[in-house]
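> Supplied structure: coords_31.cif, mmCIF, C-alpha atoms and all ligand atoms.
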```cif
data_structure
#
loop_
_atom_site.label_atom_id
_atom_site.label_comp_id
_atom_site.auth_asym_id
_atom_site.auth_seq_id
_atom_site.Cartn_x
_atom_site.Cartn_y
_atom_site.Cartn_z
CA MET A 1 -10.80 5.09 -14.08
CA GLU A 2 -12.52 6.40 -10.99
CA VAL A 3 -11.34 5.38 -7.50
CA ILE A 4 -13.61 5.47 -4.46
CA ILE A 5 -11.94 5.08 -1.07
CA ILE A 6 -13.79 2.78 1.33
CA PRO A 7 -12.64 2.94 4.96
CA ALA A 8 -13.22 -0.35 6.80
CA ASN A 9 -12.66 -1.79 10.29
CA THR A 10 -10.65 0.62 12.44
CA ASP A 11 -7.97 1.60 9.92
CA ASN A 12 -8.26 -0.54 6.74
CA TYR A 13 -8.79 0.85 3.27
CA SER A 14 -10.55 -0.86 0.36
CA TYR A 15 -10.66 0.80 -3.04
CA PHE A 16 -13.55 0.61 -5.47
CA LEU A 17 -12.44 1.07 -9.09
CA ILE A 18 -14.90 1.97 -11.84
CA ASP A 19 -14.19 2.00 -15.56
CA GLY A 20 -17.33 2.35 -17.69
CA ILE A 21 -19.80 -0.28 -16.55
CA GLU A 22 -17.16 -2.50 -14.96
CA ALA A 23 -15.88 -2.32 -11.40
CA ALA A 24 -13.26 -3.96 -9.21
CA VAL A 25 -12.43 -3.73 -5.55
CA VAL A 26 -8.91 -3.82 -4.18
CA ASP A 27 -8.89 -5.59 -0.79
CA ALA A 28 -12.51 -6.33 0.04
CA SER A 29 -12.54 -5.89 3.81
CA ASN A 30 -16.32 -5.65 3.91
CA ALA A 31 -18.82 -6.98 1.35
CA ASP A 32 -21.78 -4.74 2.28
CA SER A 33 -20.14 -1.43 1.43
CA VAL A 34 -19.01 -2.85 -1.94
CA LEU A 35 -22.49 -4.20 -2.76
CA GLU A 36 -23.89 -0.77 -1.95
CA LEU A 37 -21.48 0.93 -4.36
CA ILE A 38 -22.33 -1.58 -7.11
CA ASP A 39 -25.98 -0.57 -6.67
CA ILE A 40 -25.38 3.18 -6.52
CA HIS A 41 -23.14 3.26 -9.60
CA LYS A 42 -25.04 0.57 -11.54
CA VAL A 43 -21.85 -1.29 -12.44
CA SER A 44 -20.99 -4.96 -12.48
CA LEU A 45 -18.24 -6.24 -10.23
CA LYS A 46 -15.68 -8.00 -12.40
CA TYR A 47 -12.93 -8.60 -9.85
CA VAL A 48 -11.91 -8.64 -6.25
CA LEU A 49 -8.16 -7.89 -6.33
CA SER A 50 -6.48 -9.09 -3.13
CA THR A 51 -3.01 -7.80 -2.28
CA HIS A 52 -2.54 -10.57 0.30
CA TYR A 53 -4.41 -13.17 2.29
CA HIS A 54 -4.80 -11.49 5.71
CA ASP A 55 -8.41 -11.55 6.99
CA ASP A 56 -8.73 -7.80 7.40
CA HIS A 57 -8.16 -7.45 3.62
CA THR A 58 -10.29 -10.40 2.46
CA SER A 59 -13.30 -10.78 4.78
CA GLY A 60 -15.66 -9.69 1.99
CA ASN A 61 -14.24 -11.99 -0.72
CA SER A 62 -16.49 -14.98 -0.29
CA THR A 63 -19.77 -13.03 -0.09
CA LEU A 64 -18.85 -10.87 -3.09
CA GLN A 65 -17.84 -13.90 -5.14
CA THR A 66 -21.08 -15.74 -4.35
CA ARG A 67 -23.35 -12.73 -4.81
CA THR A 68 -21.81 -11.33 -8.02
CA GLY A 69 -19.92 -14.23 -9.61
CA CYS A 70 -16.82 -11.99 -9.82
CA LYS A 71 -13.31 -13.37 -10.08
CA VAL A 72 -11.16 -13.21 -6.97
CA ILE A 73 -7.60 -12.50 -8.04
CA GLY A 74 -4.36 -12.54 -6.08
CA GLY A 75 -0.88 -14.00 -5.85
CA ASP A 76 -1.43 -16.35 -2.93
CA SER A 77 -3.46 -19.59 -2.77
CA ARG A 78 -4.27 -18.78 0.88
CA ILE A 79 -6.54 -15.89 -0.21
CA SER A 80 -10.19 -16.48 0.75
CA ALA A 81 -12.41 -17.57 -2.21
CA LEU A 82 -9.53 -17.15 -4.68
CA THR A 83 -10.50 -18.06 -8.27
CA ASP A 84 -7.46 -16.86 -10.28
CA LEU A 85 -3.87 -17.07 -9.08
CA VAL A 86 -1.75 -14.43 -10.84
CA ASN A 87 1.97 -13.97 -11.27
CA ASP A 88 4.31 -11.03 -11.50
CA TYR A 89 3.80 -8.87 -14.65
CA GLU A 90 0.37 -10.33 -15.50
CA THR A 91 -2.15 -7.82 -16.81
CA ILE A 92 -5.83 -7.56 -15.87
CA SER A 93 -8.31 -5.57 -18.02
CA LEU A 94 -11.03 -3.44 -16.45
CA GLY A 95 -13.11 -1.46 -18.95
CA SER A 96 -10.53 0.30 -21.08
CA SER A 97 -7.88 0.20 -18.32
CA GLN A 98 -5.02 -2.19 -17.75
CA ILE A 99 -3.96 -3.22 -14.27
CA ASN A 100 -0.51 -4.77 -13.86
CA VAL A 101 0.42 -7.23 -11.14
CA LEU A 102 3.67 -6.37 -9.34
CA ALA A 103 5.09 -9.01 -7.00
CA THR A 104 6.07 -7.22 -3.78
CA PRO A 105 6.94 -9.93 -1.24
CA GLY A 106 7.97 -8.88 2.27
CA HIS A 107 4.93 -8.43 4.51
CA THR A 108 3.74 -11.83 3.22
CA LYS A 109 5.67 -13.99 0.82
CA ASN A 110 3.18 -13.88 -2.08
CA GLN A 111 2.12 -10.27 -1.66
CA VAL A 112 1.29 -8.30 -4.82
CA ALA A 113 0.59 -4.66 -5.67
CA PHE A 114 -1.74 -3.54 -8.46
CA TYR A 115 -0.36 -0.88 -10.78
CA CYS A 116 -2.18 1.16 -13.41
CA ALA A 117 0.59 2.71 -15.52
CA LYS A 118 -1.63 4.90 -17.68
CA GLU A 119 -3.59 6.32 -14.75
CA LYS A 120 -0.39 6.52 -12.67
CA MET A 121 -1.65 4.80 -9.57
CA VAL A 122 -0.58 1.84 -7.48
CA PHE A 123 -2.39 -0.09 -4.74
CA THR A 124 0.28 -1.20 -2.31
CA GLY A 125 -1.67 -3.24 0.30
CA ASP A 126 0.54 -3.69 3.36
CA THR A 127 3.87 -3.34 1.56
CA LEU A 128 4.00 0.43 1.66
CA PHE A 129 2.11 2.87 3.91
CA GLY A 130 2.11 6.63 4.16
CA ALA A 131 5.55 7.42 5.63
CA GLY A 132 6.10 3.75 6.49
CA CYS A 133 6.18 0.15 5.32
CA GLY A 134 4.61 -3.14 6.39
CA ARG A 135 5.93 -5.50 9.03
CA LEU A 136 8.09 -8.43 7.96
CA LEU A 137 5.96 -11.46 8.73
CA GLU A 138 7.16 -14.08 6.25
CA CYS A 139 10.28 -12.65 4.57
CA ASP A 140 13.61 -11.16 5.48
CA SER A 141 14.35 -7.46 5.22
CA GLU A 142 16.30 -7.90 1.99
CA ARG A 143 13.19 -9.21 0.25
CA MET A 144 11.06 -6.37 1.59
CA PHE A 145 13.67 -3.78 0.67
CA SER A 146 13.69 -4.92 -2.94
CA SER A 147 9.85 -4.72 -3.04
CA VAL A 148 9.88 -1.26 -1.49
CA ASN A 149 12.48 -0.21 -4.05
CA ARG A 150 10.33 -1.56 -6.84
CA LEU A 151 7.53 0.77 -5.75
CA ARG A 152 10.01 3.60 -5.28
CA SER A 153 11.12 3.22 -8.90
CA LEU A 154 7.63 4.08 -10.26
CA PRO A 155 7.21 7.59 -11.71
CA ASP A 156 7.25 10.36 -9.08
CA ASN A 157 3.68 11.44 -9.80
CA THR A 158 2.26 7.92 -9.28
CA LYS A 159 -0.49 8.00 -6.65
CA MET A 160 0.04 5.46 -3.86
CA TYR A 161 -3.06 3.96 -2.31
CA PHE A 162 -2.14 1.99 0.81
CA GLY A 163 -3.90 -0.65 2.89
CA HIS A 164 -4.12 1.09 6.28
CA GLU A 165 -4.40 4.56 7.78
CA TYR A 166 -1.12 4.50 9.69
CA THR A 167 0.34 7.74 8.36
CA LEU A 168 0.27 9.80 11.55
CA ASP A 169 1.91 7.11 13.67
CA ASN A 170 4.45 6.55 10.89
CA CYS A 171 5.24 10.29 10.77
CA ASN A 172 5.83 10.21 14.53
CA TYR A 173 8.26 7.33 14.12
CA ALA A 174 9.97 8.94 11.11
CA LEU A 175 10.48 12.12 13.15
CA THR A 176 12.51 10.15 15.71
CA ILE A 177 14.86 9.30 12.82
CA GLU A 178 14.78 12.64 10.98
CA PRO A 179 13.62 15.31 13.43
CA ASP A 180 14.79 18.15 11.17
CA ASN A 181 13.13 17.00 7.92
CA ALA A 182 10.93 20.02 7.10
CA ASP A 183 8.84 18.05 4.56
CA LEU A 184 8.15 15.42 7.21
CA ILE A 185 7.18 18.01 9.83
CA GLN A 186 4.81 19.52 7.26
CA ARG A 187 3.40 16.09 6.36
CA LYS A 188 2.63 15.35 9.98
CA SER A 189 0.66 18.55 10.35
CA ASP A 190 -1.11 18.03 6.99
CA THR A 191 -2.05 14.50 8.09
CA GLU A 192 -3.39 15.70 11.45
CA LYS A 193 -5.56 18.22 9.67
CA LEU A 194 -6.90 15.66 7.17
CA LEU A 195 -7.77 13.18 9.91
CA ASN A 196 -9.35 15.86 12.13
CA ASP A 197 -11.54 16.82 9.17
CA GLY A 198 -12.66 13.19 8.78
CA LEU A 199 -10.64 12.79 5.56
CA PHE A 200 -7.96 10.26 4.58
CA SER A 201 -4.21 10.48 4.10
CA THR A 202 -4.43 8.02 1.18
CA PRO A 203 -3.37 8.37 -1.61
CA SER A 204 0.06 9.95 -1.41
CA THR A 205 2.55 9.99 -4.28
CA VAL A 206 5.92 8.40 -4.92
CA LYS A 207 7.39 11.90 -4.70
CA ILE A 208 5.90 12.62 -1.26
CA GLU A 209 7.17 9.26 0.01
CA LYS A 210 10.66 9.99 -1.34
CA MET A 211 10.67 13.21 0.67
CA THR A 212 9.25 11.85 3.93
CA ASN A 213 9.23 8.04 4.16
CA PRO A 214 12.41 6.79 5.89
CA PHE A 215 12.10 3.43 4.09
CA PHE A 216 12.47 5.33 0.79
CA ARG A 217 15.37 7.37 2.17
CA THR A 218 18.05 4.85 3.10
CA ASN A 219 20.65 6.97 1.28
CA SER A 220 19.86 10.09 3.29
CA GLU A 221 22.96 11.48 5.02
CA ALA A 222 20.88 12.66 7.97
CA ILE A 223 19.33 9.21 8.49
CA ARG A 224 22.66 7.42 8.19
CA GLU A 225 24.23 9.83 10.64
CA MET A 226 21.38 9.39 13.12
CA LEU A 227 21.77 5.60 12.92
CA ASN A 228 25.55 5.88 12.93
CA MET A 229 25.57 3.76 9.74
CA GLN A 230 27.37 6.06 7.28
CA HIS A 231 29.27 3.19 5.66
CA HIS A 232 26.64 0.47 5.74
CA SER A 233 24.72 -0.84 2.74
CA SER A 234 21.24 0.53 1.98
CA ASN A 235 19.85 -2.86 2.83
CA GLN A 236 21.44 -2.75 6.30
CA VAL A 237 20.05 0.74 6.86
CA PHE A 238 16.61 -0.46 5.80
CA ALA A 239 16.79 -3.43 8.19
CA GLU A 240 17.77 -1.16 11.09
CA LEU A 241 14.93 1.27 10.29
CA ARG A 242 12.48 -1.62 10.26
CA ARG A 243 13.89 -3.07 13.51
CA ARG A 244 13.48 0.27 15.27
CA LYS A 245 9.94 0.69 13.95
CA ASP A 246 9.02 -2.69 15.45
CA LEU A 247 10.13 -1.37 18.84
CA PHE A 248 8.48 2.06 18.44
ZN ZN B 301 -1.52 -7.63 6.26
#
```
In structure tokens, what does this structure look like?


Amino acid sequence: MEVIIIPANTDNYSYFLIDGIEAAVVDASNADSVLELIDIHKVSLKYVLSTHYHDDHTSGNSTLQTRTGCKVIGGDSRISALTDLVNDYETISLGSSQINVLATPGHTKNQVAFYCAKEKMVFTGDTLFGAGCGRLLECDSERMFSSVNRLRSLPDNTKMYFGHEYTLDNCNYALTIEPDNADLIQRKSDTEKLLNDGLFSTPSTVKIEKMTNPFFRTNSEAIREMLNMQHHSSNQVFAELRRRKDLF
């Protein structure tokens, strides 16, 4: 399966997936750029896959559904132009590839991620970002922590495609928590270079996030010491990290 990154709005990402003559788009922020890719690659759009219902991820849904007759798939009935409501563990076929639905509530309560086990990639929407995680809008931190852990438990070499370009800001926050994390310092400078060159910080990998993303590192001694939470549960550490990020 081929993945084409489509930047949209100021910092959104959509992803155009091609397998043979079939295509899908994860989070259709903008219909025009998707219609253009359908034309260029001479593929038919089978699905819009929506991670959640927020407008900046779904503004293109209705136009794409009307123009191509594609299915609009997601886990939340609030998603614009939704045709097929899916549940955790359901599988979607695209060409010869299988895409698994992973429920990842936290940012919104019916949020899903799309996971391709064979290709080792996951589309995380606003649950997980480069060096960060989404805001808690409809769920408590416990819910979000278990979703973040679900993504963390995927194989280390899984590519993570996230919903926004927030990596640099997230690195700056993470450095207030772990100023001496050499991998994080390196990631910040790598990200600056990518963005200066007009490139993207998406995708990362589970492994990179384990080394640099504080929300994947609630067991880190350095983080616990910084927060003065050596004897707290991982969930409490996660909640405190999220609380501080909201104030950052
Ligand atoms: Zn959102």

> Of the residues A:Asp197, A:Glu90, A:Asp126, A:Asp190, which is the one nearest to ligand ZN 301 (chain B), using only C-alpha atoms and all ligand atoms?

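The shortest atom-to-atom distance to ligand ZN 301 (chain B) comes from A:Asp126.
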
> For a test of reading the model, state the distance in Å between CA of Leu64 (chain A) and CA of His164 (chain A), rounded to one decimal.

21.2 Å

> Which of these residues is nearest to ligand ZN 301 (chain B), using only C-alpha atoms and all ligand atoms: A:Ile99, A:Leu136, A:Leu247, A:Ile18?

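The shortest atom-to-atom distance to ligand ZN 301 (chain B) comes from A:Leu136.
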
> Calculate how many Å separate CA of Asp180 (chain A) from CA of Glu225 (chain A), rounding to one decimal.

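Going from CA of Asp180 (chain A) over to CA of Glu225 (chain A) covers 12.6 Å.
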
> Set the cut-off to 8 Å, count only C-alpha atoms and all ligand atoms, and list whatever residues fall near ligand ZN 301 (chain B) as number ranges by chain.

A: 52-57, 107-108, 125-126, 134

> What gap, in Å, lies between CA of Arg143 (chain A) and CA of Gly106 (chain A)?

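Computed distance, CA of Arg143 (chain A) to CA of Gly106 (chain A), equals 5.6 Å.
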
> From the list A:Asn110, A:Asn181, A:Gln230, A:Ser44, which residue is nearest Phe16 (chain A) when using only C-alpha atoms?

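Closest to Phe16 (chain A), using only C-alpha atoms: A:Ser44.
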
> Can you pull out every residue within 9 Å of Thr68 (chain A), counting all atoms listed in the file, but drop anything in the same chain fewer than 6 positions away, and send it as an MDAnalysis selection string?

chainID A and resid 35 44:46

> Find the axis-aligned box for region 54-61 of chain A, covering all its listed atoms and adding 3 Å on each side, and write its centre and edge lengths in Å to one decimal as lines of an AutoDock Vina configuration file.


```
center_x = -10.2
center_y = -9.7
center_z = 3.3
size_x = 16.9
size_y = 10.5
size_z = 14.1
```
